Structure formats: structure tokens, C-alpha cells
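To start, the structure itself, in C-alpha cells.
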4 protein chains.
Amino acid sequence: MLNFAVIGYGYWGPNIVRNVFAQKGAKVRAICDIDPKSLQKARDLYPHTPLTRDYKKILKSNHIDVVAIVTPVSTHYALAKMALEHGKHIFIEKPFTATLKEAEELIKIAQKNKLLIMVDHTFLFTGAVQKIKEIIDDNTLGELNYYDSTRISLGIFQHDVSVIWDLAPHDFSIINYVIKNKPLALTAQGMDHVGRGHENLAYITMYYSRNLIVHVNVNWLSPVKVRTTMICGKKKMLVWDDLEDDERIKIYDKGIDVNKKENIYKLKVDYRSGDMWSPHIEPGEALNKELRYFIQCLTSGKAPINDGHSGLKVVHMLEKAEYSLKNKGKLVKF
Amino acid sequence: MLNFAVIGYGYWGPNIVRNVFAQKGAKVRAICDIDPKSLQKARDLYPHTPLTRDYKKILKSNHIDVVAIVTPVSTHYALAKMALEHGKHIFIEKPFTATLKEAEELIKIAQKNKLLIMVDHTFLFTGAVQKIKEIIDDNTLGELNYYDSTRISLGIFQHDVSVIWDLAPHDFSIINYVIKNKPLALTAQGMDHVGRGHENLAYITMYYSRNLIVHVNVNWLSPVKVRTTMICGKKKMLVWDDLEDDERIKIYDKGIDVNKKENIYKLKVDYRSGDMWSPHIEPGEALNKELRYFIQCLTSGKAPINDGHSGLKVVHMLEKAEYSLKNKGKLVKF
Amino acid sequence: MLNFAVIGYGYWGPNIVRNVFAQKGAKVRAICDIDPKSLQKARDLYPHTPLTRDYKKILKSNHIDVVAIVTPVSTHYALAKMALEHGKHIFIEKPFTATLKEAEELIKIAQKNKLLIMVDHTFLFTGAVQKIKEIIDDNTLGELNYYDSTRISLGIFQHDVSVIWDLAPHDFSIINYVIKNKPLALTAQGMDHVGRGHENLAYITMYYSRNLIVHVNVNWLSPVKVRTTMICGKKKMLVWDDLEDDERIKIYDKGIDVNKKENIYKLKVDYRSGDMWSPHIEPGEALNKELRYFIQCLTSGKAPINDGHSGLKVVHMLEKAEYSLKNKGKLVKF
Amino acid sequence: MLNFAVIGYGYWGPNIVRNVFAQKGAKVRAICDIDPKSLQKARDLYPHTPLTRDYKKILKSNHIDVVAIVTPVSTHYALAKMALEHGKHIFIEKPFTATLKEAEELIKIAQKNKLLIMVDHTFLFTGAVQKIKEIIDDNTLGELNYYDSTRISLGIFQHDVSVIWDLAPHDFSIINYVIKNKPLALTAQGMDHVGRGHENLAYITMYYSRNLIVHVNVNWLSPVKVRTTMICGKKKMLVWDDLEDDERIKIYDKGIDVNKKENIYKLKVDYRSGDMWSPHIEPGEALNKELRYFIQCLTSGKAPINDGHSGLKVVHMLEKAEYSLKNKGKLVKF
């Protein structure tokens with residue numbers, strides 16, 4: 001039996017608690033939040049689970065194996081460091097840390113203490129992303145031309161970070177999961193319409209080898225909610241609309257064929273337009289699958305796909321994007 | 001009676017001919033194309049209209065008042081210059097010219113010879129754009145935060161220009177029409193997946209005063225056709241989906257209210273979410289309205305909204321975008 | 001404090017329990033189900049709530065004020081009768097009863113014992129239906145021409161009743177709520193594709209005075225889920241798409257104007273096509289609102305809009321529809 | 001060279017003329033209409049084609065091989081009879097005739113004179129219907145459970161017939177084409193909201209052998225345009241949305257499996273939910289394909305699939321539906 005403590009019972013914490021309880025071989029042994037109202041909500045649902053406002057009690061407890069850190073990113077490093085130093089595995093909300101350096105240090109401490117870190121990039125465990133990875137891995141799409149994601153809606157404005165730190169971790173973690181090679185350079189544009197110094201919309205462009213280009217549009221100030229990703233390969237093209245209940249992923253047998261026999265100035269482009277196919281997506285709550293997988297990793301000692309290194313890469317990209325954004329879209333190399 | 005000659009009877013030329021014939025007070029007196037197949041198509045539909053492969057005959061003819069130039073952009077300058085020098089008004093396909101300098105010169109010649117230039121920015125005459133201009137002008141949206149256009153589909157790859165010169169003229173002409181102030185700076189990213197040196201997808205970001213940001217996504221290599229523009233104002237937000245038969249424009253009573261009373265670090269953001277309203281759009285073919293308006297301008301001698309200056313501004317933006325694209329997304333000032 | 005007992009903890013019962021707990025002034029004091037697995041689920045979530053497999057214990061208890069009956073319709077009458085005879089108010093799943101006669105008897109018993117009956121026609125408490133009632137009541141649509149509902153999806157086949165008894169109660173309760181006058185006659189067509197004697201798809205047509213016609217399409221065997229209702233009035237037309245997150249209701253300023261001046265054989269029909277308007281719908285869980293309202297009714301002693309009489313009318317229509325269905329679509333009068 | 005005369009140059013006639021001219025081996029030699037305005041439109045486009053207001057001239061002409069009758073249905077019989085008696089093949093607008101008897105007589109005259117009749121059921125020549133026929137014929141869907149069509153929009157109210165005679169011919173011709181067996185019985189409901197005695201909305205239900213049920217919803221008074229047909233088979237299900245540019249047909253690997261091993265009262269229903277597939281539909285104008293096929297039939301002497309018998313079957317169904325509609329939805333046998 002793995003004993004979890006959950007620090008942070010605000011928006012996302014309740015989902016962690018519920019899904020840990022749903023696992024065989026795991027239990028939530030403590031819930032911590034500094035807000036008494038949040039603790040009251042926990043008490044209503046889980047009257048038998050010990051609650052506390054003091055996270056230090058949790059970290060010092062001998063009965064806790066895993067600490068789930070579901071707090072604002074600015075607190076991640078300090079809490080994670082203490083948890084690791086007290087010999088706890090950690091499950092930590094995305095983004096992993098506020099800086100690359102913090103991420104590096106946490107990874108080192110975990111390695112030294114032989115502990116696991118899982119960064120909660122929940123999207124990797126959705127049926128849609130699992131299917132997309134499968135489709136890219138088996139070369140259904142062919143070599144990729146571009147990846148273009150739009151992740152926009154009205155709200156929720158964060159107080160301490162730009163929209164990039166809030167929404168782009170989803171895209172960056174998915175991109176790193178399904179695209180094998182690494183970004184070479186990045187540029188970001190955006191705007192702050194509120195006057196707090198944090199951009200509420202941003203456009204990030206990343207360049208990869210072999211002419212792959214990635215574009216991510218994140219926006220807190222959109223009248224409509226859009227969660228659409230287009231992945232265009234040389235053989236087929238894929239559209240993922242995460243707001244669709246059915247037909248969430250569509251694969252188009254569409255593309256161009258370039259006739260290279262003619263001279264370079266007169267390359268002839270032919271268009272292919274065939275069937276469309278929408279694979280069945282396995283249902284199931286992603287967070288449940290993610291925690292089940294985490295428990296398997298804890299049992300086997302095997303590093304998860306969304307370990308500290310994976311979280312670090314996302315933080316690295318966020319730092320680069322934020323830097324470009326604050327420097328007039330300067331092209332930043334990796 | 002205004003006598004038109006149409007040079008270029010390929011993809012768009014037939015629409016010009018048909019819509020000139022549909023006007024009271026105008027007739028097509030000559031059609032010119034270098035391709036005999038195109039001329040045969042014209043002959044089938046208009047057996048009484050003189051056809052020629054030699055545009056010089058047309059330019060020298062005393063019976064022609066207006067020359068419609070519906071040829072590739074590389075030929076615009078030479079044809080237009082000759083037409084103007086022979087005393088013809090010109091109706092010219094978008095983009096106006098291949099360079100800013102060409103545009104400036106044509107405008108001078110037209111002024112000297114007291115001739116009119118209309119650049120065929122057809123979109124300005126659609127019911128949708130007319131309605132959008134009305135809605136922005138009467139301050140329904142309030143001060144604008146951003147304008148974000150996606151104009152993507154599969155094909156048609158142009159041989160001699162990037163996707164920017166092909167698709168962005170639509171957006172730039174509309175933007176210049178509905179947004180009063182001018183862009184301050186611009187950056188563009190993109191990629192060529194064919195290997196001809198012409199990008200087939202591009203993302204253009206433009207900065208305006210008062211924190212207005214404009215983003216244009218143009219792409220020849222998309223599995224799905226999208227023609228969506230979002231215009232977000234401080235009071236209301238508008239979505240224009242040009243592929244919708246009904247409900248082409250939707251105006252959302254949505255937005256944020258920023259509570260400035262609190263200190264700068266804790267600005268409180270409240271969300272407004274009210275009704276949506278979709279105004280009826282006047283039906284009718286835009287090109288027909290545009291040509292009717294052109295005939296009115298020719299009769300009255302009044303410069304059209306889409307005159308040479310208007311065309312020049314678009315070419316200027318295209319040049320800047322292309323320059324940024326070829327220079328790693330360099331931020332270019334106007 | 002009102003003390004509830006909930007009988008039936010299968011598909012819908014958990015929602016009742018959760019929403020009773022969410023009310024001020026109400027508590028669930030007992031949960032009953034004959035299936036031990038269902039009870040175990042209740043135990044996991046509500047370890048302090050007494051559970052039982054014996055509904056008689058509940059009915060005899062002095063500590064229970066209200067019994068919520070969330071069991072198959074065939075058991076409604078017996079359970080409700082006993083509950084009423086033991087002095088409990090009842091909250092009962094739709095459809096109210098399996099026959100008109102049962103409904104009449106339960107109403108009588110409730111009246112005699114001065115107890116309230118609320119039939120769980122949840123849809124009446126959705127923001128959408130509330131808005132539709134408001135729009136019809138204030139004569140926005142004008143006199144109604146037709147009401148056409150499509151309620152189709154794949155599954156869930158019921159074992160003991162046709163699709164009419166499963167899905168049409170939703171439509172009938174809404175229709176009775178928003179349309180003031182009563183149906184005059186009804187006909188129903190359908191088919192059983194499974195061979196159990198219960199139709200899995202049915203089309204019901206109802207005739208009202210003043211040429212109002214109502215059509216309801218219910219189907220368990222549809223590849224796509226549709227929940228669309230069109231309400232056409234002489235002034236405006238409304239479309240309610242219950243699967244839309246935003247823009248759930250659209251009101252079209254569309255219709256026809258009949259020129260009565262010409263002779264009867266040449267009535268001229270003109271078409272109106274104006275703006276569309278989508279009112280903001282109040283969010284919130286309908287069942288929560290319904291139970292809050294029930295508690296108000298229990299406190300004030302006022303009969304709810306969805307009382308026994310309301311439930312009886314729906315059962316009456318179901319009986320008529322089932323009769324027509326089994327008799328080759330015979331036109332049945334009310 | 002086949003010489004066509006076209007009688008009727010109103011809404012649809014111009015399409016016939018244009019598409020005959022587009023055929024190799026056919027020419028329009030005469031256009032007839034009683035309305036001088038219509039003739040003027042023909043003159044503008046086809047200055048060399050003889051025009052007349054007197055259809056008798058056409059029927060008597062020796063230079064005409066085929067008469068295309070594109071006039072109101074009430075005139076079909078008289079015009080077609082004369083044309084056939086003067087030795088002309090006929091291409092005739094749907095519905096074929098106003099009564100079953102007229103259709104029978106025209107077929108006889110054509111047979112006697114060895115002439116061909118093609119009824120213009122254009123939909124049969126669309127890529128979508130061709131694909132649907134292919135998919136049903138190769139048993140992709142399995143045995144059919146139901147066919148459900150919705151064909152609704154605002155307008156155009158016909159003066160002399162109900163919506164059934166206007167819109168249902170499309171559905172009936174398609175149904176007869178893709179479903180091999182014949183309807184056994186029919187019932188129709190509807191309403192006239194204008195007061196001319198012609199229903200503007202109608203619901204038609206048809207029963208076939210082996211539990212196949214067909215439902216057709218036709219309506220001139222709908223705020224939204226819908227052209228959707230669902231065809232549910234025991235193996236797969238198909239949805240045809242004729243308003244979709246892409247993905248017009250979707251085939252769902254969905255359905256139920258009935259476990260017959262259990263006793264009849266407890267048949268267990270399992271649900272299958274697999275991939276969706278949208279076949280590429282061949283582009284091309286249906287009327288063009290239809291006329292090309294007609295010319296092949298005229299050349300080979302082979303009866304077309306949409307010959308007089310095919311047209312007669314549709315008229316038969318229309319008569320039955322109209323009879324049921326006027327007789328309170330009486331179930332009518334074939």
C-alpha cells in the first residue's frame with residue numbers, strides 16, 4: 001500500500017485525491033491546504049482523512065510515501081525539495097518548476113535519494129494523445145511538416161504568470177512526447193491587455209530540423225473555446241479537436257506530391273484528396289490512468305515518461321518562450 | 001457606356017467578364033489571353049466579343065476606356081503602366097504590384113493622366129466585411145485588443161510567390177479597411193516544405209498603437225479549409241466564419257473587466273458572458289457590387305476606397321512581411 | 001431539517017444523493033438498494049450514511065420526511081403508495097407511474113394525507129427550458145406553428161419498456177410546461193429491431209388546436225447523438241441544441257408573411273430573414289435547482305410545477321403513444 | 001448529334017440548357033418559355049439559339065430529337081404526351097406526372113413509339129448517392145434497420161402542391177434506388193400553416209419487409225436548412241449530410257449485438273463503438289453526369305435507371321402519401 005499526502009486542495013487537488021482513492025494499492029493519508037475553506041470541502045467528502053494546514057507535518061511524517069504537490073508554481077521548488085530530502089517520491093503539478101535551475105536541482109536530489117518524480121502532464125494519458133503518438137510512431141503521417149495548436153478561451157487569467165506558463169505546458173509536453181527530435185530555435189509574440197505585465201495572448205513558433213515548424217497559439221481572451229491541433233505529415237494529415245465528444249481525431253488522406261523531375265523553378269505540385277478516417281478513442285479519465293501508471297513506476301522503480309527530465313524540458317521551453325516574448329520576439333536558440 | 005477590355009482569362013478573369021456584362025452602362029469589348037484554350041472558353045460563352053492574344057492591340061485601341069488586368073502579379077506593373085500611358089483606367093488584380101516602388105510609380109502616372117486605379121480587393125465588398133466595418137465604426141466592440149485571422153486550405157500552390165503574397169493580401173486589405181490606425185512593426189515566420197524557396201505557410205504578427213496586436217495565419221498545406229477571423233474589443237468580441245452560410249458573423253457580449261482599484265499586483269479580472277448576436281448579412285456577389293461601385297467612381301471621378309493608395313499599402317505590408325520571413329522573423333518597423 | 005431516504009442507488013440515484021447533500025436544510029438519512037455492489041459504492045462515498053437492502057425499514061422509519069424513489073418504473077406505484085401511506089412526501093423518478101390509473105391513485109392518497117409529490121422531470125429546471133418558457137410566454141415567437149424534437153443516440157436499451165417510455169417523458173414534460181393548451185390527438189409509428197416486443201425507435205405526432213403540430217423522434221439506435229428541438233412561431237423561430245455548450249438556444253428572426261389580399265388560390269408568401277440571437281443561459285446543475293425548489297415547496301406546502309398532476313399528464317400521453325404504436329399508428333384522441 | 005429543345009426556362013431550365021451544351025454529341029436547338037423575361041435571359045447567354053413562346057412549334061419540328069420538359073408538374077402529362085406522339089424522346093422534370101394514371105399512359109406511348117423517357121431525379125447522379133448505393137450493395141451496412149431523412153429549410157412554398165410533392169420526390173427516388181425491396185405500407189402526418197390547403201410540413205413513415213422502417217421529414221418552414229439522412233444497418237451506420245463540403249458521408253462502426261442465448265425476456269444488448277470512416281466523394285455536377293448518361297442511353301437504346309417506370313414508382317408513393325396526409329394519417333397499403 002502506497003500512502004499519499006496531497007498538498008494543495010484548490011482547483012485541481014480534489015481530482016488528485018479522488019483518483020488516488022480510486023487506485024488499488026494507494027490511499028490518501030493526509031490533505032494539506034492553507035485555506036480553511038478548502039479543508040472544509042475535503043472534510044465533507046473524506047471525513048476520515050487527516051487534514052492539516054501545516055505542510056511540514058506531512059513532510060516529516062514517517063507514514064507518507066508520496067507527496068502530491070498541487071500548489072502554485074512559485075512554491076513547487078521549495079516544497080518538492082523538502083519532500084525529496086525527507087525521502088518522499090513526488091507527484092507534482094505542471095509546470096514542474098519556475099526555472100530550469102530549480103528543475104535541475106530537484107532531479108539531482110531525487111537521483112541521489114533514489115526517489116521518483118512524476119510531473120503531472122495529464123494530457124499525455126488521454127486517449128487522444130496516446131492515439132496520436134501511436135499514429136506518428138507507426139509512420140502513418142510520414143515525416144512531419146508542421147504542428148499547429150490553438151488553445152484559447154475566455155479566462156482564467158493567472159495572477160503571477162503569462163498565458164505561456166499557464167497553457168503552453170500542455171502543448172510543450174505533448175509535442176515533446178509525440179515529436180522525437182528537439183527544437184532548434186524559438187520565437188514568441190504576444191500582448192498584455194490588462195496592464196499587469198503578463199501577456200494574455202501569445203504566439204510561439206519553434207523550428208526543428210528537416211523543416212518541421214511548430215506553432216502554438218495560447219489566449220485567455222477569446223470569445224470561443226478552441227482546442228484544436230493540426231499535425232501535417234508528408235503522407236497524411238491529422239486534426240485533433242479536443243472539444244469533440246466523438247470524432248476527436250480525424251486523419252485525412254490528403255497532401256501534395258511534388259514532381260521533382262521538372263526543373264527546380266517549375267516543380268509541379270499535385271494534390272491528393274482521399275478518404276478521412278476517425279479512429280475510436282479509448283474512453284477513461286486521463287488522471288486515473290496517469291496515477292495507475294505512477295503506482296506501477298513506484299512499484300517497479302522505473303522512471304515514468306513524464307519524469308523530472310520530461311518536466312525540465314518543458315520548463316526550458318517555457319523559459320525560452322518567455323524570454324523571446326519579453327525581448328520583442330527575438331529568435332532564441334536551444 | 002464604359003468599354004472594358006479584360007487581359008487574362010484564367011481562373012479569375014471569367015468572373016470579371018461575367019460581372020462587367022451584368023452592369024448597366026458597361027460592356028466587355030475585348031478579351032485577351034496568351035493561352036488559346038482560355039480564349040476558346042471565352043469564345044464559347046461570348047461568341048460576339050472580340051478576342052485576342054496580343055494585349056498591345058487592346059492598349060492601343062481607341063474604343064477601350066478601362067483595362068482589367070487579371071494576370072500574374074509579375075506582369076502587373078508593365079501592363080498597368082502601358083494601359084495608363086494609353087489613357088485607360090485600370091481595374092487590377094490583387095496584389096497591386098510586386099514592389100512598393102512599382103505601386104508608387106503607377107499611382108503617379110495615373111494622377112498625371114487623371115485616370116482611376118481600382119485594385120480588386122473583392123473582400124471589401126462582401127456583406128460580411130461591410131458589416132464588420134459598420135460594427136467597428138459604431139464602436140460596438142470598443143477599442144480593439146486583437147485581430148486574429150486563419151486562412152488555410154489545401155492548395156493552390158503558386159509558382160512564383162510565397163503564400164504571403166497569395167493569401168495575405170485579403171487579410172491586409174480588410175485590416176486596413178476596418179482598422180483606422182497603421183501598423184507600427186511586423187514579424188513573420190514560415191516554412192517552405194516543397195523546396196522552391198517559397199514558403200507555403202506563414203504566421204504574421206503586426207503591432208499597432210494602444211496594444212492592438214494582429215496575427216495572420218496563411219497556409220496552403222492544410223487538411224481542412226478554415227476562413228475564420230476573431231476581432232476582440234474591450235466591449236465585445238466578434239467571430240467571422242466565412243465558410244458559414246448563415247451566422248457568418250457572431251458578436252459575443254463577452255469580455256473581462258479589470259478592477260483597477262486594487263493595487264497593480266492584484267488587479268482583479270472579472271469575466272462577462274452575455275448574449276450572442278448574429279446580424280443578417282446582405283446577400284449578393286461581392287465582385288458585382290465592386291464593379292458597380294467602380295463604374296460609379298468612373299462616372300463621378302471620385303477615387304475608390306480600394307484605389308492605388310489602398311493597393312500600395314497592402315504591397316508595403318507584403319514586402320515587410322516577406323522581408324521578415326526571409327530574415328528569420330526579424331522585427332521590421334514601418 | 002428535512003430528512004431524505006433514497007431508494008435506488010443505480011444510475012441516477014447517486015446524483016439525487018449528492019444533490020440532496022448539497023442543499024441547506026436537507027440531509028440523506030438512508031440509502032436503499034437491493035444490489036450489494038451499489039450499496040458498496042454508496043458506502044465508499046458516504047461512510048456515515050445508513051445503508052439498507054430493505055426498503056420497508058425506510059418506509060417505517062419515523063426519522064424520514066421524504067422518500068426519493070429512483071427505481072424502475074414498474075416498482076414506482078407500490079413503493080410510492082407505501083411511502084405516502086407512511087406519511088412521507090415523495091420525490092419520484094420519471095415517468096411517474098406505469099399507468100394512468102396508478103398515477104390517479106397516488107395523487108389521491110397524497111391529497112388525503114396532505115403530502116407532496118414531485119416527479120423528477122429534471123429538464124424543466126435547466127437554464128435552457130427556463131429560457132424557452134420565458135421566450136414563449138412573452139410572445140417573442142408569436143403563435144406556435146410546430147414543435148419538433150429529435151432525441152436520439154446509441155443506447156441504452158431498456159429491458160421492460162419501449163423507447164417511448166424511456167425518452168419521450170423528457171419531451172412530454174417540456175412540451176406540457178412550455179405549451180399552454182393540450183394535445184387533441186396523437187399517432188405514433190415505430191419499430192423493434194431486437195425482437196423483444198419493445199420498439200427502439202418511434203415517431204410521435206401530436207395535434208393541438210390552432211394548427212399546432214408536435215413531432216417527437218426518439219431512437220436508441222442512432223450512430224450520432226442528437227438533442228435538438230425546433231420551435232417555430234408565426235413571428236420567430238427557435239432552435240435548441242442541448243449538446244451545444246455555448247449558443248444552446250438560437251432565436252431566428254425568420255418566417256413567412258402571407259399576403260391575404262390576393263385571392264385564396266394565389267396567396268403570396270414572402271420570406272423574412274433577419275438577425276439571429278442566442279441568449280445567455282444561466283449555468284448550474286438542474287437537479288440541484290430542482291431539489292432546492294422541492295425543499296421550498298415542502299416548506300411552504302405549495303404544490304410544485306412538476307407535481308403528481310404534471311406527472312400524470314405525461315403518463316397519459318405515454319399510454320396514448322404506446323397504444324397508437326401497438327395499433328399500427330391509429331389516431332388516438334385525448 | 002442529338003438535338004434538344006428545352007421547354008421551360010425558369011429556375012431549373014437554365015441548368016438543363018447549360019449542361020446540354022456541355023455534352024459532346026448534343027446541342028440545344030430551341031428554348032421555349034411563355035414568359036418574355038425568361039426568354040430575354042436565354043437570349044443574353046445564348047444569342048444564337050432559337051427562342052420561342054410557342055411549344056407547339058418545337059413539338060412539330062423535324063430537327064428536334066429530345067424534348068426536355070422543365071415546367072410545373074400540372075403541365076407534364078400534356079406536354080410529354082404530345083412530344084412522345086411527335087416522336088421525341090423526353091427528359092422530364094421530377095415529379096414525373098401529377099397522377100399514377102398519367103405516368104402509366106406516358107410509359108405506354110413511349111413503348112409503342114420506341115422512345116426513351118428520363119425523369120430528372122438528379123440526386124441519383126450525385127457522388128454521395130452513388131457512394132451510398134455502392135456501400136449498401138456491397139453489404140457494408142448489413143441488413144437495414146431504418147432510413148431517416150430530414151429535408152427542411154425556409155421556402156420555397158409551391159402554389160399548387162403540398163411540400164410532399166415538392167421535396168419528397170428527392171427522397172423517394174433515392175430510397176427506391178438504394179433499397180431493393182418495396183414499401184408495404186405508408187402513413188403521413190402534416191400541417192398547413194398558410195391556409196391554402198397544401199401542407200407545408202409533413203412526416204412520412206413507410207414500412208418494408210424484415211422490419212425496415214423509413215421516415216421522411218419535409219418542411220418549408222424551418223429556420224435552418226437541414227439535408228441529413230441516416231441509414232442504419234445491422235453491421236454499420238451511415239450519416240449523409242448533404243450540406244457538408246467535405247465529409248459528406250460518414251460510416252460509423254457502431255451498433256448493437258443481441259445475445260440470443262439468454263431467454264427471450266432477457267435478451268442482452270451489447271454496444272459496439274469503433275472507428276468512423278468518411279469516403280472521398282467524387283466531385284462533379286450531377287446534372288452533367290445525368291445528361292451524359294442520358295445521351296449514352298439514347299445512343300444505345302438502353303432504358304435509364306431513372307426511366308418512366310422509376311418516375312412512376314415515385315409518383316405512386318407521392319399519391320399514397322398525399323392520400324394518407326389528407327385522411328388523418330390513415331395507414332395505406334401498397
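Every chain in the C-alpha cells takes a letter, A first, then B, and so on in the order presented; its residues are numbered from 1, and the ligands are numbered from 1 following the presented order.
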Write out as a tab-separated table the residues of chain D that have any atom within 9 Å of an atom of chain B, one row each with the nearest atom pair and its distance in Å to one decimal, counting only C-alpha atoms, sorted by chain and then rising number.
```
residue	atom	partner	partner_atom	distance
D:Leu45	CA	B:Leu45	CA	7.3
D:Tyr46	CA	B:Leu45	CA	7.9
D:Pro47	CA	B:Pro47	CA	8.6
D:His48	CA	B:Pro47	CA	9.0
D:Val224	CA	B:Asp246	CA	8.5
D:Asp246	CA	B:Val224	CA	8.6
```
Going by DSSP on the backbone, which bits of segment 8-252 of chain B are alpha helix (DSSP H)? Write them as a VMD selection string, please.
chain B and resid 13 to 21 36 to 45 55 to 60 76 to 85 100 to 112 127 to 137 163 to 178
Quick one: residues within 7 Å of segment 73-76 of chain C, only C-alpha atoms counted, chain neighbours fewer than 5 positions away excluded, as a list in words?
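These residues fall inside the cut-off: Pro95, Thr97 and Ala98 of chain C.
Our summary of the geometry notes that atom CA of Lys101 of chain C is positioned 26.0 Å from atom CA of Leu201 of chain C.
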At a cut-off of 8 Å, using only C-alpha atoms, what residues contact segment 79-92 of chain C? Leave out same-chain residues fewer than 4 positions from it and give the result as a compact mmCIF listing (two decimals) with N, CA and C atoms, in the first residue's frame.
```
# COMPACT_ATOMS: atom_id res chain seq x y z
N LEU C 59 -39.40 2.93 4.98
CA LEU C 59 -40.77 3.44 4.94
C LEU C 59 -41.37 3.54 6.34
N LYS C 60 -40.94 2.62 7.20
CA LYS C 60 -41.49 2.61 8.56
C LYS C 60 -40.78 3.59 9.49
N ILE C 64 -37.68 9.79 8.77
CA ILE C 64 -37.64 10.16 7.35
C ILE C 64 -38.86 11.01 6.99
N ASP C 65 -38.59 12.17 6.35
CA ASP C 65 -39.68 13.04 5.91
C ASP C 65 -40.04 12.81 4.45
N VAL C 66 -38.99 12.56 3.65
CA VAL C 66 -39.17 12.47 2.20
C VAL C 66 -38.52 11.19 1.70
N VAL C 67 -39.22 10.48 0.83
CA VAL C 67 -38.62 9.32 0.18
C VAL C 67 -38.41 9.64 -1.29
N ALA C 68 -37.17 9.51 -1.73
CA ALA C 68 -36.86 9.65 -3.16
C ALA C 68 -36.85 8.26 -3.77
N ILE C 69 -37.70 8.05 -4.76
CA ILE C 69 -37.84 6.72 -5.38
C ILE C 69 -37.15 6.77 -6.75
N VAL C 70 -36.03 6.08 -6.82
CA VAL C 70 -35.18 6.15 -8.02
C VAL C 70 -34.99 4.73 -8.54
N THR C 75 -41.85 -0.48 -10.40
CA THR C 75 -41.92 -0.52 -8.93
C THR C 75 -42.44 0.78 -8.33
N PHE C 96 -43.68 9.01 -13.91
CA PHE C 96 -44.30 8.91 -12.59
C PHE C 96 -44.73 7.47 -12.28
N LEU C 106 -52.21 7.47 -6.69
CA LEU C 106 -51.16 8.07 -5.85
C LEU C 106 -51.49 9.53 -5.52
N ILE C 109 -54.07 9.58 -2.75
CA ILE C 109 -53.50 9.25 -1.44
C ILE C 109 -52.71 10.43 -0.89
N ALA C 110 -51.94 11.05 -1.75
CA ALA C 110 -51.14 12.20 -1.32
C ALA C 110 -52.04 13.33 -0.84
N ASN C 113 -53.53 12.55 2.52
CA ASN C 113 -52.54 12.62 3.60
C ASN C 113 -51.79 13.96 3.64
N LEU C 115 -49.70 15.32 1.56
CA LEU C 115 -48.28 15.13 1.25
C LEU C 115 -48.00 15.63 -0.16
N LEU C 116 -46.77 15.99 -0.39
CA LEU C 116 -46.38 16.46 -1.71
C LEU C 116 -45.75 15.35 -2.53
N ILE C 117 -46.04 15.41 -3.82
CA ILE C 117 -45.36 14.54 -4.80
C ILE C 117 -44.59 15.44 -5.75
N MET C 118 -43.32 15.15 -5.95
CA MET C 118 -42.58 15.81 -7.04
C MET C 118 -42.06 14.72 -7.97
N VAL C 119 -42.43 14.87 -9.25
CA VAL C 119 -41.93 13.93 -10.25
C VAL C 119 -40.67 14.53 -10.86
N ASP C 120 -39.64 13.74 -10.94
CA ASP C 120 -38.32 14.26 -11.32
C ASP C 120 -38.21 14.51 -12.83
```
